[in-house]
>>> print(open('model.txt').read())   # compact mmCIF, C-alpha atoms
# COMPACT_ATOMS: atom_id res chain seq x y z
CA MET A 959 -29.23 -55.67 75.73
CA SER A 960 -26.67 -53.04 76.41
CA ALA A 961 -27.03 -49.52 75.13
CA VAL A 962 -24.16 -50.02 72.70
CA THR A 963 -25.61 -53.12 71.05
CA ARG A 964 -28.90 -51.34 70.82
CA HIS A 965 -27.28 -48.47 69.00
CA ARG A 966 -25.49 -50.88 66.71
CA LEU A 967 -28.83 -52.49 65.86
CA LEU A 968 -30.26 -49.08 65.20
CA LEU A 969 -27.65 -48.66 62.48
CA LEU A 970 -29.29 -51.55 60.65
CA LEU A 971 -32.59 -49.69 60.55
CA PRO A 972 -31.94 -47.91 57.22
CA LEU A 973 -31.02 -51.24 55.68
CA ALA A 974 -34.21 -52.78 57.02
CA VAL A 975 -36.28 -49.89 55.65
CA PHE A 976 -34.50 -50.23 52.32
CA LEU A 977 -35.18 -53.96 52.16
CA ILE A 978 -38.86 -53.52 53.01
CA LEU A 979 -39.32 -50.74 50.44
CA GLY A 980 -37.23 -52.65 47.89
CA GLY A 981 -39.39 -55.73 48.33
CA TYR A 982 -42.52 -53.65 48.04
CA PHE A 983 -41.38 -51.97 44.83
CA ALA A 984 -40.07 -55.23 43.37
CA LEU A 985 -43.52 -56.71 43.92
CA GLY A 986 -45.06 -53.64 42.31
CA LEU A 987 -42.88 -54.02 39.23
CA THR A 988 -44.26 -57.48 38.55
CA LYS A 989 -47.75 -56.04 38.32
CA ASP A 990 -49.10 -54.24 35.30
CA PRO A 991 -51.05 -51.17 36.44
CA SER A 992 -52.92 -51.04 33.15
CA LYS A 993 -54.49 -54.44 33.91
CA LEU A 994 -57.47 -53.93 36.15
CA PRO A 995 -59.34 -56.64 37.99
CA SER A 996 -62.79 -57.43 36.63
CA MET A 997 -65.79 -56.95 38.87
CA LEU A 998 -67.53 -59.87 37.20
CA ILE A 999 -65.22 -62.68 38.29
CA ASP A 1000 -67.37 -65.62 39.50
CA LYS A 1001 -70.50 -63.60 38.80
CA PRO A 1002 -73.02 -64.21 36.04
CA ALA A 1003 -72.39 -62.31 32.83
CA PRO A 1004 -74.54 -59.20 32.50
CA THR A 1005 -77.95 -59.49 30.94
CA PHE A 1006 -77.94 -58.29 27.37
CA ALA A 1007 -79.36 -58.91 23.92
CA LEU A 1008 -77.42 -57.60 20.95
CA PRO A 1009 -78.47 -57.66 17.31
CA GLY A 1010 -76.31 -59.37 14.70
CA LEU A 1011 -73.98 -57.58 12.33
CA SER A 1012 -76.66 -57.35 9.68
CA GLU A 1013 -80.41 -57.48 9.51
CA GLY A 1014 -81.79 -60.93 10.15
CA GLU A 1015 -78.46 -62.30 11.31
CA LYS A 1016 -78.35 -63.99 14.69
CA GLY A 1017 -77.08 -61.73 17.42
CA LEU A 1018 -75.82 -62.53 20.87
CA SER A 1019 -77.51 -62.51 24.24
CA ASN A 1020 -76.51 -63.67 27.69
CA ALA A 1021 -78.66 -66.78 27.15
CA ASP A 1022 -76.07 -67.90 24.58
CA LEU A 1023 -73.38 -67.81 27.24
CA THR A 1024 -74.68 -70.74 29.26
CA GLY A 1025 -74.47 -74.48 28.78
CA LYS A 1026 -70.92 -74.61 27.50
CA VAL A 1027 -67.54 -73.39 28.61
CA GLN A 1028 -66.64 -70.68 26.15
CA LEU A 1029 -64.85 -67.47 25.40
CA VAL A 1030 -66.36 -64.09 24.79
CA ASN A 1031 -64.12 -61.85 22.76
CA VAL A 1032 -64.66 -58.11 22.54
CA PHE A 1033 -63.23 -56.89 19.26
CA ALA A 1034 -63.44 -54.10 16.69
CA SER A 1035 -62.18 -53.81 13.16
CA TRP A 1036 -60.51 -50.49 14.00
CA CYS A 1037 -58.52 -52.04 16.81
CA ALA A 1038 -54.99 -52.94 15.77
CA PRO A 1039 -54.24 -55.38 18.63
CA CYS A 1040 -57.39 -57.28 17.62
CA ARG A 1041 -55.70 -58.05 14.33
CA VAL A 1042 -52.68 -59.30 16.24
CA GLU A 1043 -54.64 -61.78 18.32
CA HIS A 1044 -57.04 -62.85 15.59
CA PRO A 1045 -54.98 -65.75 14.19
CA LEU A 1046 -54.84 -67.13 17.71
CA LEU A 1047 -58.64 -66.99 18.00
CA MET A 1048 -58.81 -68.82 14.67
CA ARG A 1049 -56.52 -71.49 16.05
CA LEU A 1050 -58.59 -71.80 19.25
CA ALA A 1051 -61.80 -72.20 17.31
CA LYS A 1052 -60.54 -74.49 14.56
CA GLU A 1053 -57.87 -76.60 16.23
CA ASP A 1054 -58.84 -76.59 19.89
CA GLY A 1055 -62.57 -76.61 19.23
CA VAL A 1056 -63.29 -73.74 21.61
CA THR A 1057 -66.60 -71.92 21.26
CA ILE A 1058 -65.95 -68.23 20.91
CA HIS A 1059 -68.70 -65.64 21.00
CA ALA A 1060 -67.95 -62.08 20.07
CA ILE A 1061 -69.08 -58.62 20.99
CA ASN A 1062 -68.28 -56.27 18.15
CA TYR A 1063 -67.47 -53.05 19.99
CA LYS A 1064 -68.48 -49.67 18.52
CA ASP A 1065 -67.88 -50.72 14.98
CA LYS A 1066 -69.43 -50.31 11.58
CA PRO A 1067 -71.03 -53.63 10.60
CA GLU A 1068 -69.54 -53.45 7.08
CA ALA A 1069 -66.09 -52.82 8.53
CA ALA A 1070 -66.47 -55.71 10.95
CA LYS A 1071 -67.57 -57.98 8.12
CA ALA A 1072 -64.65 -56.95 5.94
CA PHE A 1073 -62.33 -57.63 8.87
CA LEU A 1074 -63.74 -61.15 9.31
CA ASP A 1075 -63.70 -61.83 5.56
CA GLN A 1076 -60.06 -60.92 5.50
CA MET A 1077 -58.89 -62.55 8.73
CA GLY A 1078 -61.33 -65.43 9.04
CA ASN A 1079 -64.30 -65.83 11.35
CA PRO A 1080 -63.69 -67.84 14.52
CA PHE A 1081 -66.93 -66.72 16.15
CA THR A 1082 -70.01 -68.86 16.70
CA ALA A 1083 -72.15 -65.77 17.06
CA ILE A 1084 -71.51 -62.05 17.04
CA GLY A 1085 -73.42 -59.30 18.79
CA ALA A 1086 -73.06 -55.77 17.46
CA ASP A 1087 -72.58 -53.39 20.38
CA LYS A 1088 -72.75 -50.15 18.44
CA ASP A 1089 -72.95 -47.76 21.35
CA GLY A 1090 -70.66 -49.81 23.61
CA ARG A 1091 -73.23 -50.10 26.39
CA VAL A 1092 -73.04 -53.85 26.79
CA ALA A 1093 -69.27 -53.53 26.88
CA ILE A 1094 -69.63 -51.06 29.74
CA ASP A 1095 -71.82 -53.60 31.55
CA PHE A 1096 -68.96 -56.05 31.15
CA GLY A 1097 -66.52 -53.47 32.48
CA VAL A 1098 -64.63 -53.32 29.19
CA TYR A 1099 -62.11 -50.50 29.16
CA GLY A 1100 -60.05 -51.40 26.14
CA VAL A 1101 -60.37 -53.73 23.23
CA PRO A 1102 -59.57 -56.49 22.76
CA GLU A 1103 -60.76 -58.19 25.91
CA THR A 1104 -61.43 -61.88 26.30
CA TYR A 1105 -63.63 -63.50 28.94
CA VAL A 1106 -63.73 -67.12 29.98
CA ILE A 1107 -67.33 -68.11 30.73
CA ASP A 1108 -68.26 -71.33 32.53
CA ARG A 1109 -71.23 -73.62 31.88
CA GLN A 1110 -73.45 -71.66 34.24
CA GLY A 1111 -72.72 -68.48 32.33
CA ARG A 1112 -70.46 -67.05 35.00
CA VAL A 1113 -67.40 -65.02 34.15
CA ARG A 1114 -64.33 -66.85 35.41
CA TYR A 1115 -61.48 -64.91 33.91
CA ARG A 1116 -60.81 -61.77 31.99
CA HIS A 1117 -57.86 -61.05 29.75
CA VAL A 1118 -57.24 -57.43 28.76
CA GLY A 1119 -55.31 -56.71 25.58
CA PRO A 1120 -54.35 -59.02 22.75
CA LEU A 1121 -54.02 -62.68 23.58
CA MET A 1122 -50.52 -64.03 23.15
CA PRO A 1123 -49.68 -67.68 22.53
CA PHE A 1124 -48.45 -68.13 26.09
CA ASP A 1125 -51.67 -66.62 27.50
CA VAL A 1126 -53.64 -69.17 25.55
CA ASP A 1127 -51.42 -72.14 26.32
CA GLU A 1128 -50.71 -71.37 29.95
CA THR A 1129 -53.91 -69.74 31.14
CA ILE A 1130 -56.90 -69.87 28.81
CA LEU A 1131 -56.73 -73.48 27.56
CA PRO A 1132 -55.91 -75.06 30.96
CA MET A 1133 -58.78 -73.08 32.47
CA ILE A 1134 -61.20 -74.19 29.77
CA ARG A 1135 -60.11 -77.81 30.29
CA GLU A 1136 -60.52 -77.50 34.04
CA LEU A 1137 -63.98 -75.95 33.73
CA SER A 1138 -65.09 -78.50 31.15
CA LYS A 1139 -64.43 -81.43 33.47
CA MET B 506 -46.34 -23.81 -2.04
CA THR B 507 -46.99 -20.10 -2.61
CA ALA B 508 -50.64 -20.93 -3.04
CA PHE B 509 -50.88 -21.33 0.70
CA MET B 510 -49.41 -17.90 1.44
CA PRO B 511 -51.92 -15.28 2.52
CA SER B 512 -52.45 -13.30 -0.66
CA PHE B 513 -52.69 -9.93 1.09
CA SER B 514 -49.38 -10.14 2.89
CA HIS B 515 -47.43 -8.13 0.31
CA ARG B 516 -49.98 -6.09 -1.51
CA ALA B 517 -51.78 -4.71 1.50
CA GLY B 518 -48.62 -2.91 2.63
CA THR B 519 -48.56 -1.53 6.17
CA SER B 520 -51.99 -2.78 7.11
CA ALA B 521 -50.89 -6.40 6.75
CA PRO B 522 -48.98 -6.66 10.09
CA LEU B 523 -51.87 -4.92 11.79
CA SER B 524 -54.39 -7.41 10.48
CA TRP B 525 -52.10 -10.20 11.68
CA ILE B 526 -51.95 -8.67 15.14
CA ALA B 527 -55.71 -8.30 15.14
CA ALA B 528 -56.10 -11.90 14.09
CA ALA B 529 -53.69 -13.00 16.83
CA LEU B 530 -55.63 -11.00 19.42
CA VAL B 531 -58.92 -12.49 18.32
CA ALA B 532 -57.36 -15.94 18.46
CA ALA B 533 -56.00 -15.24 21.94
CA PHE B 534 -59.41 -14.26 23.22
CA LEU B 535 -61.01 -17.26 21.58
CA CYS B 536 -58.64 -19.53 23.50
CA VAL B 537 -60.68 -20.87 26.37
CA PRO B 538 -59.37 -23.78 28.45
CA ALA B 539 -60.01 -26.96 26.51
CA LEU B 540 -62.85 -28.91 28.04
CA ALA B 541 -63.38 -32.56 27.37
CA VAL B 542 -67.12 -32.18 27.86
CA MET B 543 -68.67 -31.47 24.49
CA PRO B 544 -71.62 -29.08 24.21
CA ASN B 545 -73.84 -31.81 22.81
CA GLU B 546 -73.26 -33.93 25.89
CA LYS B 547 -74.54 -31.26 28.25
CA LEU B 548 -77.88 -31.48 29.95
CA ALA B 549 -80.41 -28.71 29.52
CA ASP B 550 -81.01 -28.45 33.27
CA PRO B 551 -78.05 -26.51 34.72
CA ALA B 552 -78.49 -28.01 38.20
CA MET B 553 -78.42 -31.52 36.84
CA GLU B 554 -75.50 -30.70 34.56
CA ALA B 555 -73.62 -29.40 37.63
CA ARG B 556 -74.30 -32.70 39.39
CA ALA B 557 -73.09 -34.58 36.33
CA ARG B 558 -69.87 -32.57 36.34
CA GLU B 559 -69.42 -33.24 40.04
CA ILE B 560 -69.85 -36.99 39.54
CA SER B 561 -67.62 -37.02 36.48
CA LYS B 562 -64.81 -35.50 38.52
CA GLU B 563 -65.03 -38.44 40.92
CA LEU B 564 -64.68 -41.04 38.18
CA ARG B 565 -61.36 -42.10 36.77
CA CYS B 566 -60.94 -42.51 33.06
CA LEU B 567 -59.90 -46.15 32.67
CA VAL B 568 -58.03 -45.52 29.47
CA CYS B 569 -55.78 -42.67 30.59
CA GLN B 570 -55.94 -43.64 34.25
CA ASN B 571 -54.65 -40.36 35.64
CA GLN B 572 -57.49 -38.20 34.45
CA SER B 573 -61.08 -38.02 35.52
CA ILE B 574 -63.70 -38.72 32.87
CA ASP B 575 -64.52 -35.02 33.11
CA ASP B 576 -61.02 -34.17 31.85
CA SER B 577 -60.43 -36.96 29.43
CA ASN B 578 -60.96 -36.95 25.69
CA ALA B 579 -60.92 -40.74 25.51
CA ASP B 580 -63.86 -42.41 23.83
CA LEU B 581 -64.75 -44.49 26.85
CA ALA B 582 -64.66 -41.38 29.05
CA ARG B 583 -67.16 -39.75 26.73
CA ASP B 584 -69.40 -42.82 26.86
CA LEU B 585 -69.25 -42.80 30.65
CA ARG B 586 -70.05 -39.08 30.80
CA VAL B 587 -73.10 -39.70 28.64
CA LEU B 588 -74.02 -42.67 30.84
CA VAL B 589 -73.71 -40.58 34.00
CA ARG B 590 -76.07 -37.99 32.53
CA GLU B 591 -78.54 -40.65 31.45
CA ARG B 592 -78.63 -42.14 34.93
CA LEU B 593 -79.21 -38.69 36.40
CA VAL B 594 -82.07 -38.02 34.00
CA ALA B 595 -83.48 -41.42 34.92
CA GLY B 596 -83.67 -40.14 38.50
CA ASP B 597 -80.62 -41.65 40.16
CA SER B 598 -78.99 -39.87 43.08
CA ASN B 599 -75.29 -38.98 42.82
CA GLU B 600 -74.44 -41.99 44.99
CA GLN B 601 -76.51 -44.31 42.84
CA VAL B 602 -74.73 -43.16 39.71
CA LEU B 603 -71.34 -43.69 41.32
CA ALA B 604 -72.46 -47.12 42.53
CA TYR B 605 -73.64 -48.00 39.02
CA VAL B 606 -70.23 -47.30 37.53
CA HIS B 607 -68.43 -48.83 40.52
CA ASP B 608 -70.38 -52.08 40.04
CA ARG B 609 -68.92 -52.39 36.57
CA TYR B 610 -65.40 -51.09 36.95
CA GLY B 611 -64.52 -51.61 40.59
CA ASP B 612 -62.64 -49.48 43.10
CA PHE B 613 -60.22 -48.33 40.46
CA VAL B 614 -62.80 -46.17 38.73
CA LEU B 615 -63.32 -44.08 41.85
CA LEU B 616 -60.74 -41.35 42.28
CA ARG B 617 -61.54 -41.48 46.00
CA PRO B 618 -61.54 -45.21 46.72
CA PRO B 619 -63.77 -46.40 49.58
CA VAL B 620 -62.18 -47.50 52.84
CA THR B 621 -62.20 -51.29 52.79
CA GLY B 622 -59.86 -53.98 54.05
CA TYR B 623 -58.12 -53.86 50.71
CA THR B 624 -57.58 -50.10 50.72
CA ALA B 625 -56.91 -49.86 54.47
CA LEU B 626 -53.17 -49.48 53.97
CA LEU B 627 -53.74 -46.75 51.39
CA TRP B 628 -55.91 -44.70 53.72
CA GLY B 629 -54.35 -45.62 57.04
CA GLY B 630 -50.72 -45.77 55.92
CA PRO B 631 -49.87 -42.09 56.41
CA PHE B 632 -51.47 -42.05 59.86
CA ALA B 633 -49.73 -45.26 60.85
CA LEU B 634 -46.45 -43.75 59.73
CA LEU B 635 -47.13 -40.56 61.70
CA LEU B 636 -47.99 -42.61 64.77
CA LEU B 637 -44.87 -44.69 64.39
CA ALA B 638 -42.68 -41.62 63.99
CA GLY B 639 -44.31 -39.98 67.02
CA LEU B 640 -43.85 -43.11 69.08
CA GLY B 641 -40.22 -43.38 68.02
CA THR B 642 -39.58 -39.75 68.90
CA ALA B 643 -41.28 -40.09 72.30
CA LEU B 644 -39.29 -43.22 73.12
CA TYR B 645 -36.06 -41.59 72.05
CA MET B 646 -36.72 -38.46 74.10
CA ARG B 647 -37.61 -40.52 77.19
CA GLN B 648 -34.50 -42.62 76.83
CA ARG B 649 -32.32 -39.56 76.48
CA ARG B 650 -33.81 -37.88 79.53
CA ARG B 651 -33.24 -41.05 81.53
CA ASP B 652 -29.68 -41.29 80.24
CA VAL B 653 -28.96 -37.73 81.37
CA GLU B 654 -30.58 -38.27 84.77
CA THR B 655 -28.77 -41.49 85.51
CA MET B 656 -25.46 -40.40 84.10
CA PRO B 657 -22.85 -40.80 86.90
CA VAL B 658 -21.39 -37.48 87.95
CA PRO B 659 -17.74 -37.78 87.08
CA THR B 660 -15.41 -37.58 90.08
CA LEU B 661 -11.95 -36.13 89.88
CA THR B 662 -8.84 -37.96 90.90
CA ALA B 663 -6.65 -36.40 93.59
CA GLU B 664 -4.22 -35.37 90.93
CA GLU B 665 -6.89 -33.58 88.88
CA GLU B 666 -8.25 -32.00 92.06
CA ALA B 667 -4.85 -30.53 92.84
CA ARG B 668 -4.41 -29.21 89.32
CA LEU B 669 -7.89 -27.67 89.41
CA MET B 670 -7.01 -25.86 92.63
CA VAL B 671 -3.86 -24.53 91.05
CA LEU B 672 -5.79 -23.26 88.03
CA LEU B 673 -8.48 -21.66 90.18
CA ASN B 674 -5.95 -19.95 92.42
CA GLU B 675 -3.97 -18.81 89.43
CA ASP B 676 -7.07 -17.13 88.07
CA LYS B 677 -7.82 -15.46 91.42
CA SER B 678 -4.35 -14.01 91.85
CA GLY B 679 -3.77 -13.48 88.17
CA ASP B 680 -3.77 -10.35 86.12
CA GLY B 681 -7.51 -10.42 85.62
CA ARG B 682 -7.45 -11.88 82.17
>>> encode(input="model.txt", output="structure tokens")
Amino acid sequence: MSAVTRHRLLLLLPLAVFLILGGYFALGLTKDPSKLPSMLIDKPAPTFALPGLSEGEKGLSNADLTGKVQLVNVFASWCAPCRVEHPLLMRLAKEDGVTIHAINYKDKPEAAKAFLDQMGNPFTAIGADKDGRVAIDFGVYGVPETYVIDRQGRVRYRHVGPLMPFDVDETILPMIRELSK
Amino acid sequence: MTAFMPSFSHRAGTSAPLSWIAAALVAAFLCVPALAVMPNEKLADPAMEARAREISKELRCLVCQNQSIDDSNADLARDLRVLVRERLVAGDSNEQVLAYVHDRYGDFVLLRPPVTGYTALLWGGPFALLLLAGLGTALYMRQRRRDVETMPVPTLTAEEEARLMVLLNEDKSGDGR
């Protein structure tokens, strides 16, 4: 390679750097920095035992998370996005026959009950996590969060934020079907 | 609306501005930097509280993401601060507390992420770039030195030689300009 051609090639260097950086940033733009990976993926759900919303009502423990592919939804009555996704949870429970367990995060039991009376109750069982400790064990950093749990009680997927119809149709339901096979 | 006006502002005459100034001064001295850590969260043992603060500064608030849990007013940050203190009281070392939170929230929760395969680029990137730049500079300098050394010494044609002689002689016999 002659010195001249080498210099010509050197002129392409800024373009190459631009393309590499451009590609890098373009990739970065497709990722949502507010969505963090869960540490629990493919690991058993944390051990916990939560009381129910009211005295004598059945609560939720990690033993309830085995035996059946299911969802665990972390919700609170004070959480606006929870209201947004709630009709979708109703649909999942009623029409698609999905078992959904709930962790009621740092909520007043009366408020949670009023919320469910108003919006419907898609949950098979609800555990009241008043101090949010179980949620911390799950690595919850914002409500709502939804976990897909397999038959063995392992966490397979976590969705942060309100579920949208396309999340359910393209990710959650296919995954549940796959795991139920 | 007048009900909300300070009642002494007109009647008290000249002393009113003074009392305002005094109030402003008091307020100014009361202004301490806002701390996210609430007094009721603090541990009685100052040494342990210092350790808790130290750990809290290492942990990222997952809600605000650019603040440590020590700085953040977010609810989850408060819960984690309380958790950190509980673990310390339970006898955990600083590392154990950090590991406890790391187990639940992953690398992201640590403001100083550990060096792993995944974070290698993050930690090594600047050094790799420095090395690359140094290497580039060294190569360039070597090439330039070689270019200068091997550059053919230009030879003059007979015509140029003659003209040079004329110019040199001109200077010698000239008027000393």
>>> closest_residue(input="model.txt", among="A:Phe1033, A:Tyr1099, A:Tyr982, A:Phe1081", to="chain B", atoms="all atoms listed in the file")
A:Tyr1099
>>> closest_residue(input="model.txt", among="A:Gly1055, A:Gly1014, A:Pro1039, A:Pro1067", to="Pro1120 (chain A)", atoms="all atoms listed in the file")
A:Pro1039
>>> closest_residue(input="model.txt", among="B:Gln570, B:Thr662, B:Thr621, B:Asn599", to="chain A", atoms="all atoms listed in the file")
B:Gln570
>>> closest_atom_pairs(input="model.txt", of="chain B", to="chain A", cutoff="7 Å", atoms="all atoms listed in the file", output="CSV")
residue,atom,partner,partner_atom,distance
B:Leu567,CA,A:Tyr1099,CA,6.0
B:Val568,CA,A:Tyr1099,CA,6.4
B:Leu581,CA,A:Tyr1099,CA,7.0
B:Asp608,CA,A:Met997,CA,6.8
B:Arg609,CA,A:Gly1097,CA,4.9
B:Tyr610,CA,A:Gly1097,CA,5.2
B:Gly611,CA,A:Met997,CA,5.8
>>> residues_around(input="model.txt", residues="Ser1035 (chain A)", least_positions_apart="3", cutoff="7 Å", atoms="all atoms listed in the file", output="list in words")
Asp1065, Ala1069, Ala1070 and Phe1073 of chain A
>>> closest_residue(input="model.txt", among="A:Val1030, A:Asn1079, A:Lys1064, A:Asp1087", to="Ile1130 (chain A)", atoms="all atoms listed in the file")
A:Val1030
>>> atom_distance(input="model.txt", atom1="CA of Gln1076 (chain A)", atom2="CA of Val1042 (chain A)")
13.1 Å
>>> residues_around(input="model.txt", residues="Leu1121 (chain A)", least_positions_apart="5", cutoff="9 Å", atoms="all atoms listed in the file", output="PyMOL selection string")
chain A and resi 1039-1040+1042-1044+1046-1047+1102-1104+1126
>>> atom_distance(input="model.txt", atom1="CA of Asp1022 (chain A)", atom2="CA of Ala1007 (chain A)")
9.6 Å
>>> atom_distance(input="model.txt", atom1="CA of Pro619 (chain B)", atom2="CA of Leu564 (chain B)")
12.6 Å
